[in-house]
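Trainee: Compact mmCIF, C-alpha atoms, saved as final.txt, coming up:
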```
# COMPACT_ATOMS: atom_id res chain seq x y z
CA MET A 1 0.00 0.00 0.00
CA ILE A 2 2.81 2.36 0.95
CA LEU A 3 4.65 1.38 -2.25
CA LEU A 4 1.54 2.02 -4.36
CA ARG A 5 1.08 5.42 -2.76
CA ARG A 6 4.72 6.28 -3.46
CA TYR A 7 4.41 5.32 -7.15
CA LEU A 8 1.20 7.31 -7.42
CA ILE A 9 3.02 10.35 -6.07
CA TYR A 10 5.84 9.77 -8.59
CA PHE A 11 3.25 9.49 -11.35
CA PHE A 12 1.62 12.80 -10.42
CA ILE A 13 5.02 14.51 -10.17
CA ILE A 14 5.94 13.25 -13.66
CA ILE A 15 2.62 14.48 -15.09
CA LEU A 16 3.11 17.82 -13.35
CA ILE A 17 6.59 18.15 -14.87
CA ALA A 18 5.22 17.22 -18.33
CA VAL A 19 2.43 19.81 -18.02
CA SER A 20 4.96 22.42 -16.89
CA PHE A 21 7.22 21.74 -19.89
CA THR A 22 4.19 22.01 -22.20
CA TYR A 23 3.01 25.25 -20.60
CA ILE A 24 6.45 26.85 -20.73
CA SER A 25 7.04 25.79 -24.35
CA ALA A 26 3.59 27.14 -25.34
CA LYS A 27 4.48 30.48 -23.71
CA LEU A 28 7.95 30.66 -25.26
CA PHE A 29 7.02 29.33 -28.70
CA PRO A 30 5.69 32.59 -30.22
CA ARG A 31 8.85 34.45 -29.17
CA PHE A 32 11.14 32.08 -31.03
CA ALA A 33 9.06 30.73 -33.90
CA TYR A 34 7.27 33.75 -35.34
CA ILE A 35 8.82 36.28 -37.65
CA GLU A 36 7.62 39.76 -36.75
CA ASN A 37 6.97 42.54 -39.22
CA ASP A 38 5.73 45.55 -37.29
CA ILE A 39 2.37 44.48 -35.79
CA TRP A 40 2.14 41.35 -37.94
CA ARG A 41 3.56 37.97 -37.11
CA ILE A 42 3.97 34.96 -39.33
CA LEU A 43 5.16 31.39 -39.33
CA PRO A 44 7.10 31.28 -42.61
CA SER A 45 5.86 27.88 -43.82
CA PRO A 46 3.25 26.59 -41.38
CA GLY A 47 2.25 23.45 -43.30
CA ASP A 48 5.80 22.39 -44.14
CA PRO A 49 6.47 18.66 -43.53
CA ASN A 50 9.99 19.58 -42.31
CA ARG A 51 8.75 21.88 -39.52
CA ASP A 52 9.67 21.03 -35.95
CA ILE A 53 7.24 19.29 -33.62
CA TYR A 54 6.40 22.47 -31.73
CA THR A 55 5.46 24.35 -34.91
CA ARG A 56 3.40 21.38 -36.08
CA ALA A 57 1.52 21.28 -32.76
CA ALA A 58 0.94 25.06 -32.74
CA VAL A 59 -0.36 25.06 -36.32
CA ALA A 60 -2.63 22.09 -35.54
CA GLN A 61 -4.12 24.15 -32.71
CA TYR A 62 -4.31 27.61 -34.30
CA GLY A 63 -4.38 27.06 -38.06
CA THR A 64 -5.07 23.45 -38.94
CA PHE A 65 -4.50 22.60 -42.61
CA ALA A 66 -2.37 25.66 -43.32
CA MET A 67 -0.30 25.31 -46.47
CA LYS A 68 3.44 25.45 -46.92
CA LYS A 69 5.29 28.18 -48.80
CA PRO A 70 5.31 29.40 -51.52
CA GLU A 71 1.55 28.81 -51.85
CA SER A 72 0.49 31.25 -49.19
CA ALA A 73 1.63 33.52 -46.38
CA TYR A 74 -0.56 33.89 -43.30
CA PHE A 75 0.07 37.01 -41.20
CA HIS A 76 -1.79 37.64 -37.95
CA ALA A 77 -2.20 40.83 -35.94
CA PHE A 78 -3.45 40.96 -32.36
CA VAL A 79 -2.27 44.50 -31.51
CA ASP A 80 -2.29 47.97 -33.06
CA ILE A 81 0.74 50.13 -33.87
CA GLU A 82 0.90 51.16 -30.21
CA ASP A 83 1.23 47.49 -29.26
CA LYS A 84 -2.19 47.54 -27.54
CA PRO A 85 -4.58 44.57 -28.01
CA LEU A 86 -7.26 45.15 -30.67
CA ASP A 87 -10.29 46.09 -28.58
CA GLY A 88 -13.86 45.59 -29.81
CA LYS A 89 -14.96 48.84 -28.14
CA CYS A 90 -12.67 50.95 -30.34
CA LEU A 91 -12.59 52.13 -33.94
CA TYR A 92 -9.51 51.08 -35.94
CA LYS A 93 -8.20 51.95 -39.38
CA LEU A 94 -6.12 49.54 -41.40
CA GLN A 95 -4.23 51.29 -44.15
CA GLY A 96 -2.19 49.72 -46.91
CA SER A 97 -1.43 49.42 -50.56
CA ASP A 98 -2.02 46.62 -53.03
CA ILE A 99 0.15 43.56 -52.37
CA GLU A 100 1.80 41.86 -55.32
CA SER A 101 0.37 38.33 -55.35
CA ARG A 102 -2.28 36.18 -57.00
CA TRP A 103 -4.73 37.51 -54.40
CA TRP A 104 -4.84 38.63 -50.78
CA SER A 105 -7.45 39.09 -48.08
CA ILE A 106 -7.95 40.79 -44.72
CA THR A 107 -10.20 38.83 -42.33
CA VAL A 108 -11.35 39.67 -38.83
CA TYR A 109 -11.73 36.95 -36.17
CA GLY A 110 -13.06 36.92 -32.63
CA SER A 111 -10.81 36.01 -29.74
CA ASP A 112 -11.96 32.38 -30.19
CA GLY A 113 -10.47 32.28 -33.71
CA PHE A 114 -13.82 32.09 -35.52
CA LEU A 115 -15.62 34.58 -37.77
CA ILE A 116 -17.64 37.20 -35.93
CA ASN A 117 -21.41 37.07 -36.31
CA ASN A 118 -22.80 40.23 -37.94
CA ASN A 119 -25.96 41.22 -39.80
CA GLU A 120 -23.98 42.34 -42.85
CA LYS A 121 -22.46 38.82 -43.28
CA GLN A 122 -19.22 40.55 -44.17
CA TYR A 123 -16.15 39.00 -42.59
CA SER A 124 -13.33 40.10 -44.85
CA PHE A 125 -12.16 42.14 -47.80
CA ASN A 126 -9.96 40.79 -50.53
CA SER A 127 -7.96 42.20 -53.44
CA GLU A 128 -11.02 41.93 -55.71
CA ASN A 129 -13.77 43.38 -53.54
CA VAL A 130 -11.98 46.07 -51.53
CA ASP A 131 -12.49 49.67 -52.69
CA PHE A 132 -9.12 51.15 -53.57
CA ASN A 133 -8.61 54.90 -53.29
CA VAL A 134 -7.32 57.08 -56.13
CA ASN A 135 -3.72 56.51 -55.06
CA GLY A 136 -4.09 52.75 -55.39
CA GLY A 137 -4.10 52.23 -51.63
CA PHE A 138 -6.98 51.15 -49.40
CA GLU A 139 -8.37 51.69 -45.92
CA ILE A 140 -10.47 49.22 -43.94
CA PHE A 141 -12.20 50.22 -40.70
CA PHE A 142 -13.06 47.92 -37.79
CA ALA A 143 -15.71 48.78 -35.22
CA SER A 144 -18.62 47.31 -33.27
CA SER A 145 -20.54 50.52 -32.68
CA ASN A 146 -23.05 51.81 -35.25
CA ASP A 147 -22.05 55.36 -34.30
CA PHE A 148 -18.47 54.73 -35.31
CA ILE A 149 -19.48 52.94 -38.48
CA SER A 150 -21.76 55.80 -39.55
CA GLU A 151 -18.83 58.19 -39.14
CA VAL A 152 -16.73 56.23 -41.61
CA SER A 153 -16.98 57.71 -45.08
CA ASN A 154 -15.80 54.51 -46.66
CA SER A 155 -17.49 51.30 -47.76
CA ASN A 156 -14.60 49.18 -46.47
CA TRP A 157 -15.60 48.40 -42.91
CA LEU A 158 -15.93 45.26 -40.87
CA ARG A 159 -17.99 44.82 -37.74
CA VAL A 160 -16.32 43.30 -34.69
CA SER A 161 -17.82 42.21 -31.39
CA ASP A 162 -17.92 44.81 -28.61
CA GLU A 163 -17.03 42.10 -26.13
CA GLY A 164 -13.35 41.41 -25.79
CA ASN A 165 -10.51 41.57 -28.26
CA PHE A 166 -10.28 40.57 -31.89
CA ALA A 167 -7.59 39.56 -34.37
CA ILE A 168 -6.91 40.34 -38.00
CA SER A 169 -5.46 37.87 -40.50
CA LEU A 170 -3.79 38.82 -43.74
CA ARG A 171 -3.62 35.99 -46.26
CA ILE A 172 -1.41 36.39 -49.29
CA TYR A 173 -1.60 33.71 -51.97
CA LEU A 174 1.28 33.09 -54.36
CA PRO A 175 3.28 36.21 -53.54
CA GLY A 176 6.42 34.74 -55.16
CA GLU A 177 9.50 33.06 -53.67
CA GLU A 178 11.30 36.37 -53.10
CA PHE A 179 8.53 37.53 -50.77
CA PHE A 180 9.34 34.73 -48.31
CA SER A 181 13.01 35.66 -48.11
CA ASN A 182 12.08 39.15 -46.96
CA LEU A 183 9.24 38.56 -44.49
CA ARG A 184 10.56 40.98 -41.88
CA ARG A 185 10.66 43.90 -44.28
CA VAL A 186 7.88 43.42 -46.83
CA ASN A 187 5.49 46.34 -46.94
CA LEU A 188 2.31 45.41 -45.04
CA PRO A 189 -0.75 47.41 -43.93
CA ILE A 190 -0.67 49.22 -40.59
CA ILE A 191 -3.47 49.29 -38.02
CA GLU A 192 -4.09 52.33 -35.87
CA LYS A 193 -6.66 53.09 -33.23
CA ILE A 194 -8.85 56.11 -34.04
CA LYS A 195 -10.90 56.27 -30.83
CA CYS A 196 -12.74 54.18 -28.25
CA ALA A 197 -16.25 54.22 -26.78
CA GLU A 198 -16.35 55.94 -23.42
CA MET B 199 18.72 5.78 -5.01
CA SER B 200 19.93 9.28 -4.21
CA PHE B 201 17.52 12.19 -4.18
CA ILE B 202 19.30 13.91 -7.09
CA LYS B 203 19.18 10.74 -9.19
CA LYS B 204 15.50 10.25 -8.42
CA THR B 205 14.71 13.89 -9.27
CA LEU B 206 16.63 13.64 -12.54
CA ILE B 207 14.75 10.51 -13.55
CA LEU B 208 11.40 12.18 -12.78
CA ILE B 209 12.36 15.26 -14.84
CA ILE B 210 13.52 13.13 -17.78
CA LEU B 211 10.33 11.04 -17.69
CA GLY B 212 8.23 14.22 -17.50
CA PHE B 213 10.11 15.69 -20.44
CA LEU B 214 9.62 12.52 -22.50
CA ILE B 215 5.88 12.59 -21.83
CA HIS B 216 5.84 16.26 -22.85
CA ILE B 217 7.66 15.46 -26.12
CA GLY B 218 5.28 12.56 -26.77
CA PHE B 219 2.28 14.82 -26.22
CA VAL B 220 3.62 17.57 -28.52
CA TYR B 221 4.51 14.98 -31.20
CA TYR B 222 1.13 13.25 -31.16
CA PHE B 223 -1.00 16.38 -30.62
CA PRO B 224 -1.44 17.10 -34.40
CA TYR B 225 -2.57 13.48 -34.96
CA LEU B 226 -5.06 13.91 -32.12
CA LYS B 227 -6.25 17.24 -33.51
CA VAL B 228 -6.81 15.85 -37.03
CA TRP B 229 -8.60 12.84 -35.53
CA MET B 230 -10.82 15.12 -33.42
CA ILE B 231 -11.71 17.27 -36.45
CA SER B 232 -12.60 14.15 -38.43
CA GLN B 233 -14.79 12.89 -35.56
CA ASN B 234 -16.64 16.19 -35.34
CA ALA B 235 -17.06 16.62 -39.08
CA GLU B 236 -19.21 13.81 -40.37
CA ALA B 237 -18.12 14.43 -43.94
CA LEU B 238 -14.45 14.04 -43.05
CA SER B 239 -14.98 10.80 -41.19
CA ASN B 240 -16.54 9.27 -44.32
CA VAL B 241 -13.28 8.58 -46.07
CA ASN B 242 -12.76 8.39 -49.82
CA VAL B 243 -15.98 10.31 -50.49
CA ALA B 244 -16.05 13.97 -51.52
CA PHE B 245 -17.48 16.61 -49.21
CA TYR B 246 -18.63 20.11 -50.20
CA ARG B 247 -18.85 23.20 -48.04
CA ASP B 248 -20.58 26.55 -48.40
CA VAL B 249 -18.45 29.67 -48.13
CA PRO B 250 -17.52 29.91 -44.40
CA ASN B 251 -19.55 32.19 -42.13
CA ALA B 252 -19.86 32.88 -38.41
CA ASN B 253 -21.45 29.46 -37.86
CA SER B 254 -18.49 27.56 -39.37
CA ARG B 255 -16.84 25.71 -36.50
CA GLU B 256 -15.09 22.73 -38.11
CA VAL B 257 -11.64 24.30 -38.38
CA ILE B 258 -10.25 27.37 -36.66
CA ARG B 259 -9.74 30.56 -38.74
CA PRO B 260 -11.66 29.53 -41.87
CA SER B 261 -11.27 31.90 -44.80
CA PRO B 262 -14.54 33.54 -45.93
CA ASP B 263 -12.85 34.24 -49.29
CA LEU B 264 -12.53 30.58 -50.14
CA MET B 265 -14.96 27.85 -51.06
CA TYR B 266 -13.76 24.55 -49.62
CA SER B 267 -14.33 20.98 -50.69
CA GLY B 268 -12.28 17.83 -50.46
CA CYS B 269 -12.21 14.33 -49.05
CA GLY B 270 -10.76 12.54 -46.09
CA TYR B 271 -8.80 9.57 -47.43
CA ASP B 272 -7.63 6.12 -46.47
CA VAL B 273 -5.34 4.56 -49.06
CA THR B 274 -4.30 1.54 -46.98
CA TYR B 275 -5.75 -0.96 -49.45
CA ASP B 276 -6.49 1.00 -52.59
CA PRO B 277 -5.26 4.20 -54.22
CA LEU B 278 -7.73 7.07 -54.47
CA VAL B 279 -8.84 8.67 -57.72
CA ILE B 280 -9.71 12.37 -57.53
CA LYS B 281 -11.38 14.18 -60.42
CA THR B 282 -12.53 17.75 -60.58
CA ASP B 283 -13.06 20.68 -62.91
CA ILE B 284 -10.81 23.70 -62.46
CA PRO B 285 -12.19 27.28 -62.42
CA ASN B 286 -10.52 30.36 -63.88
CA THR B 287 -10.15 31.94 -60.45
CA TYR B 288 -7.45 30.83 -57.97
CA TRP B 289 -7.84 27.11 -57.29
CA SER B 290 -5.64 24.72 -55.40
CA VAL B 291 -5.73 21.16 -54.19
CA SER B 292 -3.60 20.43 -51.16
CA PHE B 293 -2.88 17.16 -49.40
CA PHE B 294 -2.41 16.79 -45.65
CA SER B 295 -1.05 13.68 -43.94
CA ALA B 296 -2.42 12.23 -40.70
CA ASN B 297 -0.36 14.73 -38.68
CA SER B 298 -1.55 17.70 -40.82
CA ASP B 299 1.69 18.08 -42.86
CA ASN B 300 0.95 19.73 -46.21
CA PHE B 301 3.03 17.37 -48.36
CA THR B 302 1.73 18.40 -51.80
CA THR B 303 -0.16 21.33 -53.30
CA LEU B 304 -1.16 21.89 -56.91
CA ASN B 305 -2.73 25.12 -58.12
CA ASN B 306 -4.09 26.33 -61.42
CA ASP B 307 -0.87 28.20 -62.22
CA GLU B 308 0.66 24.72 -62.53
CA VAL B 309 -2.29 22.93 -64.10
CA SER B 310 -3.37 24.48 -67.36
CA GLU B 311 -6.20 22.07 -68.23
CA GLY B 312 -9.85 22.75 -67.41
CA ASN B 313 -10.04 19.58 -65.30
CA ILE B 314 -7.70 17.26 -63.49
CA THR B 315 -7.38 13.64 -62.44
CA ILE B 316 -5.13 12.83 -59.49
CA TYR B 317 -4.13 9.36 -58.32
CA LEU B 318 -3.30 9.30 -54.63
CA PHE B 319 -1.16 6.38 -53.46
CA GLY B 320 -0.18 5.23 -49.99
CA PRO B 321 3.31 5.39 -48.50
CA ASP B 322 6.06 3.25 -50.06
CA SER B 323 4.06 2.91 -53.27
CA LYS B 324 5.88 2.93 -56.56
CA PRO B 325 3.04 3.85 -58.86
CA SER B 326 3.49 3.11 -62.52
CA GLN B 327 1.31 2.86 -65.59
CA ILE B 328 -0.51 6.10 -64.76
CA LYS B 329 -0.64 8.10 -67.94
CA ASP B 330 -3.79 10.18 -67.71
CA GLY B 331 -3.27 12.19 -64.56
CA TYR B 332 -1.11 13.43 -61.73
CA VAL B 333 0.36 11.00 -59.22
CA VAL B 334 0.64 11.94 -55.55
CA VAL B 335 2.14 9.65 -52.89
CA SER B 336 0.96 10.22 -49.33
CA PRO B 337 3.41 9.70 -46.46
CA SER B 338 0.55 8.27 -44.35
CA ASN B 339 -2.33 5.99 -45.22
CA ARG B 340 -4.89 8.40 -43.83
CA GLY B 341 -5.17 12.14 -44.35
CA LEU B 342 -7.14 14.91 -45.98
CA MET B 343 -7.31 16.41 -49.45
CA LEU B 344 -8.61 19.99 -49.54
CA VAL B 345 -9.70 22.03 -52.56
CA ARG B 346 -9.75 25.82 -52.24
CA GLN B 347 -11.48 28.13 -54.74
CA PHE B 348 -11.11 31.89 -54.41
CA ILE B 349 -14.53 33.58 -54.53
CA GLY B 350 -13.18 37.05 -55.37
CA ASN B 351 -15.98 39.62 -55.40
CA GLY B 352 -18.61 36.88 -55.24
CA SER B 353 -20.00 37.56 -58.71
CA ASN B 354 -19.26 34.05 -59.99
CA LEU B 355 -20.48 31.98 -57.04
CA ASP B 356 -22.86 29.91 -59.19
CA ILE B 357 -20.00 28.84 -61.44
CA LEU B 358 -17.80 28.06 -58.44
CA TYR B 359 -20.52 25.92 -56.84
CA GLU B 360 -20.88 24.09 -60.15
CA THR B 361 -17.12 23.51 -60.28
CA GLN B 362 -17.17 22.40 -56.66
CA SER B 363 -19.88 19.82 -57.35
CA SER B 364 -17.71 18.26 -60.08
CA LEU B 365 -15.32 16.95 -57.42
CA GLU B 366 -15.26 13.16 -57.17
CA CYS B 367 -13.19 10.93 -54.88
CA HIS B 368 -13.33 7.14 -55.13
CA PRO B 369 -11.02 4.16 -54.68
CA LEU B 370 -9.25 3.04 -57.87
CA SER B 371 -10.99 -0.34 -57.82
CA ASP B 372 -14.53 1.20 -57.84
```
Please express the file's structure as structure tokens.

Mentor:
Amino acid sequence: MILLRRYLIYFFIIILIAVSFTYISAKLFPRFAYIENDIWRILPSPGDPNRDIYTRAAVAQYGTFAMKKPESAYFHAFVDIEDKPLDGKCLYKLQGSDIESRWWSITVYGSDGFLINNNEKQYSFNSENVDFNVNGGFEIFFASSNDFISEVSNSNWLRVSDEGNFAISLRIYLPGEEFFSNLRRVNLPIIEKIKCAE
Amino acid sequence: MSFIKKTLILIILGFLIHIGFVYYFPYLKVWMISQNAEALSNVNVAFYRDVPNANSREVIRPSPDLMYSGCGYDVTYDPLVIKTDIPNTYWSVSFFSANSDNFTTLNNDEVSEGNITIYLFGPDSKPSQIKDGYVVVSPSNRGLMLVRQFIGNGSNLDILYETQSSLECHPLSD
């Protein structure tokens, strides 16, 4: 009985150590694995069969069935240019210029990683349906409040949830091999906070 | 056994369990997705999806700019034959092994024809005598094939749904 109790204690200690290793690696993984480009971060080839086991596990959790390069590049933003989390109670402007590729899209997700329910059934803009301005650039606004949306003199806006934070994904399909060798410096849209609800 | 030795053994065992968990997690995740998605658990049969919306919960971060279709596969006993039409817009077919590795992708920059036939073989296969299509060898017997069609401004959805419905997956012997 005493022996059994001792082995049970060993078992729980081993499991505790395993959970601790997993927790620490999950916390440290983004710092070492992601390439950062201003507010955007990217795993260079998330679906690659040669990726390490940590990248494979992270992609399985946060982007299952992502493709390898050079088919697509998946950038994610969780903060604005002031490094503050994207807050559903605020109005944001994403500003950029056309990205050389087969096509690209900007999609907004809730903090759970799924598309945000909205009456407009509009979850994204892509290189074919976004309204470009006369300079060839574009602006997309993100807000939950109707007041903010009515202030935006632009048809490119996406509704977010007023509860909690949200995330923005930028998908770029077939941007060319050279694009992937320069992920830290490629020109990507910026996101700035305009104002927040009081 | 000394305390230090015992502690070291416990740490090593804990680390090995951690590595085992991280290694097998993608297999578990793919298995869980296939259990939740009825269409994916029916292997070697095509499935078709509407353009993702806020109710889409099968896979995290679905793209609302893509129309998805595909088939879960099991090529343990028989290769799989995949046939589909190809639209003018961006189209790709990508293959994922049992641990979600994307081992092959074809897109319509590489395939110039209006339709395609793909023969999917299991690991260690040395396929021969295939003359009328593309040959893909999967590193695992089970996995997923996913077709993505870009919907653009949505003006050609009818055509894309028609193209999507042309997808067929069946074992070679059928």

Trainee: Could you name the residues that touch Val152 of chain A at 12 Å or less, counting all atoms listed in the file, but leaving out those on the same chain fewer than 6 positions away, as a list in words?

Mentor: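 Returned residues: Leu91, Tyr92, Lys93, Glu139, Ile140, Phe141, Phe142, Ala143, Ser145, Asn146, Leu158 and Ile194 of chain A.
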
Trainee: Which residues come within 10 Å of Thr302 of chain B, counting only C-alpha atoms, excluding same-chain residues fewer than 6 positions away, as an MDAnalysis selection string?

Mentor: (chainID A and resid 47:49 67:68) or (chainID B and resid 291:295 334:336 343)

Trainee: If you count all atoms listed in the file, which residues fall within 10 Å of Val243 of chain B, apart from same-chain ones fewer than 2 positions away, as a list in words?

Mentor: Ala237, Leu238, Ser239, Asn240, Val241, Phe245, Gly268, Cys269, Gly270, Tyr271, Leu278, Ile280, Leu365, Glu366, Cys367, His368 and Pro369 of chain B

Trainee: Within 7 Å of chain A, which residues belong to chain B? Use only C-alpha atoms and report them as a count of residues only.

Mentor: 25

Trainee: Is it possible to get the residues within 7 Å of (-14.9, 29.9, -50.2) (coordinates as in the file, counting all atoms listed in the file) written as a VMD selection string?

Mentor: chain B and resid 248 to 250 261 to 266 346 to 349

Trainee: Expressed in Å to a single decimal, how great is the separation between atom CA of Val79 of chain A and atom CA of Ser155 of chain A?

Mentor: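 Computed distance, atom CA of Val79 of chain A to atom CA of Ser155 of chain A, equals 23.3 Å.
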
Trainee: Would you mind reading off the distance between atom CA of Tyr317 of chain B and atom CA of Gly331 of chain B, one decimal, in Å?

Mentor: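 Rounded to one decimal, the two atoms are 6.9 Å apart.
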
Trainee: Which value, in Å to one decimal, gives the distance between atom CA of Ser310 of chain B and atom CA of Lys281 of chain B?

Mentor: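 Rounded to one decimal, the two atoms are 14.8 Å apart.
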
Trainee: Output as CSV one row per residue of segment 230-325 of chain B within 8 Å of segment 354-363 of chain B: the closest atom pair and its distance in Å to one decimal place, counting only C-alpha atoms, sorted by chain and residue number ascending.

Mentor:
```
residue,atom,partner,partner_atom,distance
B:Tyr246,CA,B:Gln362,CA,7.0
B:Met265,CA,B:Leu358,CA,7.9
B:Ser267,CA,B:Gln362,CA,6.8
B:Thr282,CA,B:Thr361,CA,7.4
B:Asp283,CA,B:Thr361,CA,5.6
B:Ile284,CA,B:Thr361,CA,6.7
B:Pro285,CA,B:Thr361,CA,6.6
```

Trainee: Can you pull out the residues contacting Pro189 of chain A? Cut-off 8 Å, using all atoms listed in the file, and skip same-chain residues under 2 positions away; I want them as a compact mmCIF listing (two decimals) with C-alpha atoms, in the coordinates of the input.

Mentor:
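Heads up, here's the output in selection_8.txt:
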```txt
# COMPACT_ATOMS: atom_id res chain seq x y z
CA LEU A 94 -6.12 49.54 -41.40
CA GLN A 95 -4.23 51.29 -44.15
CA GLY A 96 -2.19 49.72 -46.91
CA SER A 97 -1.43 49.42 -50.56
CA ASN A 187 5.49 46.34 -46.94
CA ILE A 191 -3.47 49.29 -38.02
```

Trainee: Using all atoms listed in the file, list the residues that have an atom at most 12 Å from (-2.5, -3.9, -50.5), coordinates as in the file, as a list of chain:residue names.

Mentor: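 Checking each residue against the 12 Å limit leaves B:Asp272, B:Val273, B:Thr274, B:Tyr275, B:Asp276, B:Pro277, B:Phe319, B:Gly320, B:Pro321, B:Asp322, B:Ser323, B:Asn339, B:Ser371.
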